[in-house]
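Below is entry-v4.cif, holding mmCIF, C-alpha atoms.
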```
data_coords
loop_
_atom_site.group_PDB
_atom_site.id
_atom_site.type_symbol
_atom_site.label_atom_id
_atom_site.label_comp_id
_atom_site.auth_asym_id
_atom_site.auth_seq_id
_atom_site.Cartn_x
_atom_site.Cartn_y
_atom_site.Cartn_z
ATOM 1 C CA MET F 1 68.926 1.550 26.852
ATOM 2 C CA LYS F 2 67.671 -1.244 29.081
ATOM 3 C CA VAL F 3 64.281 -2.674 28.144
ATOM 4 C CA ILE F 4 61.915 -5.359 29.419
ATOM 5 C CA LEU F 5 60.708 -7.745 26.716
ATOM 6 C CA ILE F 6 56.923 -8.052 26.658
ATOM 7 C CA GLN F 7 57.067 -11.039 24.300
ATOM 8 C CA ASP F 8 59.636 -13.349 22.724
ATOM 9 C CA ILE F 9 61.669 -11.522 20.080
ATOM 10 C CA ALA F 10 63.855 -13.462 17.673
ATOM 11 C CA ASP F 11 67.570 -12.692 18.027
ATOM 12 C CA LEU F 12 66.932 -10.602 21.151
ATOM 13 C CA GLY F 13 65.451 -12.727 23.924
ATOM 14 C CA LYS F 14 62.510 -14.321 25.695
ATOM 15 C CA LYS F 15 59.472 -12.729 27.282
ATOM 16 C CA ASN F 16 60.114 -10.952 30.623
ATOM 17 C CA GLU F 17 63.890 -10.762 30.108
ATOM 18 C CA ILE F 18 65.772 -7.505 30.592
ATOM 19 C CA LYS F 19 68.037 -6.624 27.669
ATOM 20 C CA GLU F 20 70.357 -3.814 26.659
ATOM 21 C CA VAL F 21 69.538 -2.454 23.179
ATOM 22 C CA LYS F 22 70.536 0.632 21.199
ATOM 23 C CA ASP F 23 68.481 3.725 22.017
ATOM 24 C CA GLY F 24 67.289 4.253 18.440
ATOM 25 C CA TYR F 25 66.227 0.628 18.030
ATOM 26 C CA ALA F 26 64.198 0.820 21.243
ATOM 27 C CA ARG F 27 62.624 4.252 20.619
ATOM 28 C CA ASN F 28 61.924 3.878 16.894
ATOM 29 C CA PHE F 29 60.973 0.217 16.603
ATOM 30 C CA LEU F 30 60.544 -1.848 19.773
ATOM 31 C CA ILE F 31 58.575 0.573 21.984
ATOM 32 C CA PRO F 32 56.170 1.856 19.242
ATOM 33 C CA LYS F 33 55.353 -1.755 18.239
ATOM 34 C CA GLY F 34 54.630 -2.651 21.878
ATOM 35 C CA LEU F 35 57.350 -5.304 22.003
ATOM 36 C CA VAL F 36 59.221 -3.853 25.008
ATOM 37 C CA LYS F 37 58.874 -1.443 27.910
ATOM 38 C CA PRO F 38 61.654 0.807 29.159
ATOM 39 C CA ALA F 39 63.349 -0.639 32.256
ATOM 40 C CA THR F 40 62.019 1.841 34.842
ATOM 41 C CA LYS F 41 61.112 1.257 38.502
ATOM 42 C CA GLU F 42 57.394 1.228 37.654
ATOM 43 C CA ASN F 43 57.953 -1.260 34.856
ATOM 44 C CA PHE F 44 60.047 -3.496 37.151
ATOM 45 C CA LYS F 45 57.066 -3.602 39.534
ATOM 46 C CA TRP F 46 54.827 -4.418 36.551
ATOM 47 C CA LEU F 47 57.248 -7.205 35.542
ATOM 48 C CA GLU F 48 57.127 -8.751 39.023
ATOM 49 C CA GLY F 49 53.321 -8.706 38.900
ATOM 50 C CA GLN F 50 53.369 -10.331 35.455
ATOM 51 C CA LYS F 51 55.691 -13.084 36.670
ATOM 52 C CA LYS F 52 53.362 -13.844 39.606
ATOM 53 C CA ILE F 53 50.328 -13.944 37.300
ATOM 54 C CA GLU F 54 52.097 -16.310 34.892
ATOM 55 C CA GLU F 55 53.183 -18.528 37.801
ATOM 56 C CA VAL F 56 49.588 -18.859 38.998
ATOM 57 C CA LYS F 57 48.409 -19.583 35.430
ATOM 58 C CA ALA F 58 51.095 -22.244 34.991
ATOM 59 C CA GLU F 59 50.114 -23.911 38.288
ATOM 60 C CA ASP F 60 46.423 -23.904 37.320
ATOM 61 C CA GLU F 61 47.239 -25.324 33.899
ATOM 62 C CA LEU F 62 49.413 -28.029 35.443
ATOM 63 C CA LYS F 63 46.613 -29.032 37.850
ATOM 64 C CA LYS F 64 44.130 -29.151 34.970
ATOM 65 C CA ILE F 65 46.443 -31.318 32.857
ATOM 66 C CA GLN F 66 47.183 -33.611 35.818
ATOM 67 C CA GLY F 67 43.437 -34.090 36.293
ATOM 68 C CA PHE F 68 43.032 -34.828 32.593
ATOM 69 C CA ALA F 69 45.933 -37.305 32.734
ATOM 70 C CA SER F 70 44.382 -39.119 35.698
ATOM 71 C CA ASN F 71 41.059 -39.338 33.824
ATOM 72 C CA ILE F 72 42.601 -40.849 30.702
ATOM 73 C CA ASP F 73 45.262 -43.003 32.393
ATOM 74 C CA GLY F 74 44.259 -46.665 32.373
ATOM 75 C CA LEU F 75 41.343 -46.057 30.005
ATOM 76 C CA GLU F 76 40.356 -48.970 27.782
ATOM 77 C CA VAL F 77 39.599 -47.901 24.219
ATOM 78 C CA VAL F 78 37.912 -50.413 21.925
ATOM 79 C CA ILE F 79 38.231 -50.173 18.155
ATOM 80 C CA THR F 80 36.411 -52.676 15.979
ATOM 81 C CA VAL F 81 37.745 -53.479 12.515
ATOM 82 C CA LYS F 82 36.936 -55.751 9.610
ATOM 83 C CA VAL F 83 39.036 -58.897 9.537
ATOM 84 C CA GLY F 84 39.753 -61.247 6.631
ATOM 85 C CA GLU F 85 39.332 -65.022 6.712
ATOM 86 C CA ASP F 86 42.943 -65.587 7.795
ATOM 87 C CA GLY F 87 42.708 -63.095 10.674
ATOM 88 C CA GLN F 88 44.375 -60.275 8.727
ATOM 89 C CA LEU F 89 43.039 -56.763 9.440
ATOM 90 C CA PHE F 90 41.679 -54.876 6.436
ATOM 91 C CA GLU F 91 43.088 -51.668 7.905
ATOM 92 C CA SER F 92 45.883 -50.900 10.309
ATOM 93 C CA ILE F 93 45.290 -48.857 13.457
ATOM 94 C CA ASN F 94 47.475 -45.739 13.515
ATOM 95 C CA ASN F 95 47.766 -42.750 15.845
ATOM 96 C CA GLN F 96 45.177 -40.822 13.771
ATOM 97 C CA LYS F 97 42.499 -43.492 14.326
ATOM 98 C CA ILE F 98 43.290 -43.689 18.040
ATOM 99 C CA ALA F 99 43.054 -39.882 18.381
ATOM 100 C CA GLU F 100 39.713 -39.879 16.530
ATOM 101 C CA LYS F 101 38.356 -42.606 18.816
ATOM 102 C CA LEU F 102 39.499 -40.656 21.907
ATOM 103 C CA LYS F 103 37.738 -37.552 20.541
ATOM 104 C CA GLU F 104 34.551 -39.598 20.167
ATOM 105 C CA LEU F 105 34.906 -40.499 23.843
ATOM 106 C CA GLY F 106 35.248 -36.806 24.769
ATOM 107 C CA PHE F 107 39.029 -36.492 25.129
ATOM 108 C CA ASP F 108 40.676 -33.737 23.090
ATOM 109 C CA ILE F 109 43.825 -35.506 21.919
ATOM 110 C CA LYS F 110 45.826 -34.699 18.782
ATOM 111 C CA LYS F 111 47.365 -37.469 16.702
ATOM 112 C CA THR F 112 50.842 -36.123 17.532
ATOM 113 C CA GLN F 113 50.174 -36.817 21.203
ATOM 114 C CA VAL F 114 49.578 -40.526 20.561
ATOM 115 C CA LEU F 115 52.887 -42.408 20.754
ATOM 116 C CA LEU F 116 52.719 -45.464 18.562
ATOM 117 C CA GLU F 117 55.941 -46.927 17.168
ATOM 118 C CA ASN F 118 54.268 -48.928 14.406
ATOM 119 C CA PRO F 119 50.671 -49.177 13.208
ATOM 120 C CA ILE F 120 48.764 -52.043 14.816
ATOM 121 C CA LYS F 121 47.952 -54.777 12.313
ATOM 122 C CA GLU F 122 46.467 -57.525 14.496
ATOM 123 C CA LEU F 123 43.688 -58.165 16.996
ATOM 124 C CA GLY F 124 44.427 -57.908 20.699
ATOM 125 C CA GLU F 125 45.253 -55.500 23.529
ATOM 126 C CA PHE F 126 48.034 -52.961 23.206
ATOM 127 C CA PRO F 127 49.408 -50.344 25.630
ATOM 128 C CA VAL F 128 49.520 -46.884 24.033
ATOM 129 C CA LYS F 129 51.208 -43.838 25.580
ATOM 130 C CA ILE F 130 49.620 -40.391 25.346
ATOM 131 C CA THR F 131 51.920 -37.382 25.831
ATOM 132 C CA LEU F 132 50.521 -34.248 27.452
ATOM 133 C CA GLU F 133 51.854 -30.784 28.192
ATOM 134 C CA HIS F 134 54.306 -30.276 31.086
ATOM 135 C CA ASN F 135 56.006 -33.590 30.182
ATOM 136 C CA LEU F 136 53.113 -35.625 31.560
ATOM 137 C CA GLU F 137 52.191 -38.995 30.090
ATOM 138 C CA ALA F 138 49.203 -41.279 30.352
ATOM 139 C CA GLU F 139 48.836 -44.850 29.173
ATOM 140 C CA ILE F 140 45.680 -46.285 27.692
ATOM 141 C CA THR F 141 44.894 -49.852 26.698
ATOM 142 C CA LEU F 142 43.829 -50.178 23.091
ATOM 143 C CA ILE F 143 41.624 -53.187 22.410
ATOM 144 C CA VAL F 144 41.300 -54.138 18.744
ATOM 145 C CA ASN F 145 38.234 -56.341 18.208
ATOM 146 C CA GLN F 146 36.805 -58.042 15.157
ATOM 147 C CA GLU F 147 33.703 -56.443 13.670
ATOM 148 C CA LYS F 148 30.685 -58.738 13.970
ATOM 149 C CA GLU F 149 29.166 -59.840 10.682
ATOM 150 C CA ASN F 150 25.400 -59.892 10.255
#
```

Show me, as structure tokens, the structure contained in the file I just sent.
Amino acid sequence: MKVILIQDIADLGKKNEIKEVKDGYARNFLIPKGLVKPATKENFKWLEGQKKIEEVKAEDELKKIQGFASNIDGLEVVITVKVGEDGQLFESINNQKIAEKLKELGFDIKKTQVLLENPIKELGEFPVKITLEHNLEAEITLIVNQEKEN
């Protein structure tokens, strides 16, 4: 029996693919659980409509992410830290701290999206890449300043 996959199914295929499965497997398991639809003319029309809807959603999402990337690209983020007498930082700046600072500024970034080879352990300016969905990247400038003592 030919079926249209409504969602990804392990060991069978990806969403919207057409697959040949055994009749019993389709009738007794896949169709009752709502995982597939029989490959009929009506369901082929439904599949085409679904593909168009997903295409429009993907385009909208891409535009939204491109706008977000243009907003964050070139941003200067300042983090102030305590520094010892010899100029040594008391704490290193890692991707978690950068993500938290970006969240404070209103950007929803996860620490896994911040590409930082090694934690920053000195004062100065550093370029930091931010990865986004759809293989987009943005680069921010991280400025590590010394905390002023009172």

Could you tell me which residues the PyMOL selection byres ((chain F and resi 30-36) around 9) returns for this structure, as a ChimeraX atom specification?
/F:3-9,25-29,37-39

Care to translate the PyMOL selection byres ((chain F and resi 120) around 6) into actual residues of this file, as number ranges by chain?
F: 92-93, 119, 121-122

Those same residues, written as a compact mmCIF listing (two decimals), in the coordinates of the input with C-alpha atoms?
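This is the output file selection-v8.txt:
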```txt
# COMPACT_ATOMS: atom_id res chain seq x y z
CA SER F 92 45.88 -50.90 10.31
CA ILE F 93 45.29 -48.86 13.46
CA PRO F 119 50.67 -49.18 13.21
CA LYS F 121 47.95 -54.78 12.31
CA GLU F 122 46.47 -57.52 14.50
```

Segment 56-73 of chain F: which residues within 9 Å, counting only C-alpha atoms, same-chain residues fewer than 4 positions away excluded, as a list in words?
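The contact residues come out as Lys51, Lys52, Phe107, Ile130, Leu132, Glu133, His134, Leu136, Glu137, Ala138, Glu139, Ile140 and Thr141 of chain F.
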
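Picture a line from atom CA of Lys148 of chain F to atom CA of Lys82 of chain F; it runs 8.2 Å.
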
Which residue is closest to Leu47 of chain F? Choose from F:Gly87, F:Lys101, F:Glu17, F:Gly124 and count only C-alpha atoms.
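Among F:Gly87, F:Lys101, F:Glu17, F:Gly124, it is F:Glu17 that comes nearest to Leu47 of chain F.
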
Take the point (37.7, -50.9, 26.5) in the file's coordinates, draw a sphere of radius 8 Å around it, and report as an NGL selection string every protein, DNA or RNA residue with an atom inside or on it, counting only C-alpha atoms.
:F and (75-78 or 141-143)

Which residue gives the smallest distance to Val128 of chain F among F:Asn16, F:Gln50, F:Thr80, F:Asn94, with only C-alpha atoms counted?
F:Asn94

What is the distance, in Å and to one decimal place, between atom CA of Leu115 of chain F and atom CA of Asp86 of chain F?
28.4 Å

Between atom CA of Gly74 of chain F and atom CA of Ile109 of chain F, what distance in Å does the model show, to one decimal?
15.3 Å

Which residue gives the smallest distance to Phe90 of chain F among F:Leu123, F:Leu102, F:Leu12, F:Ile18, with all atoms listed in the file counted?
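Using all atoms listed in the file, Phe90 of chain F sits closest to F:Leu123.
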
Of F:Phe126, F:Gly24, F:Gln146, F:Lys45, the one nearest to Glu91 of chain F when counting all atoms listed in the file is F:Gln146
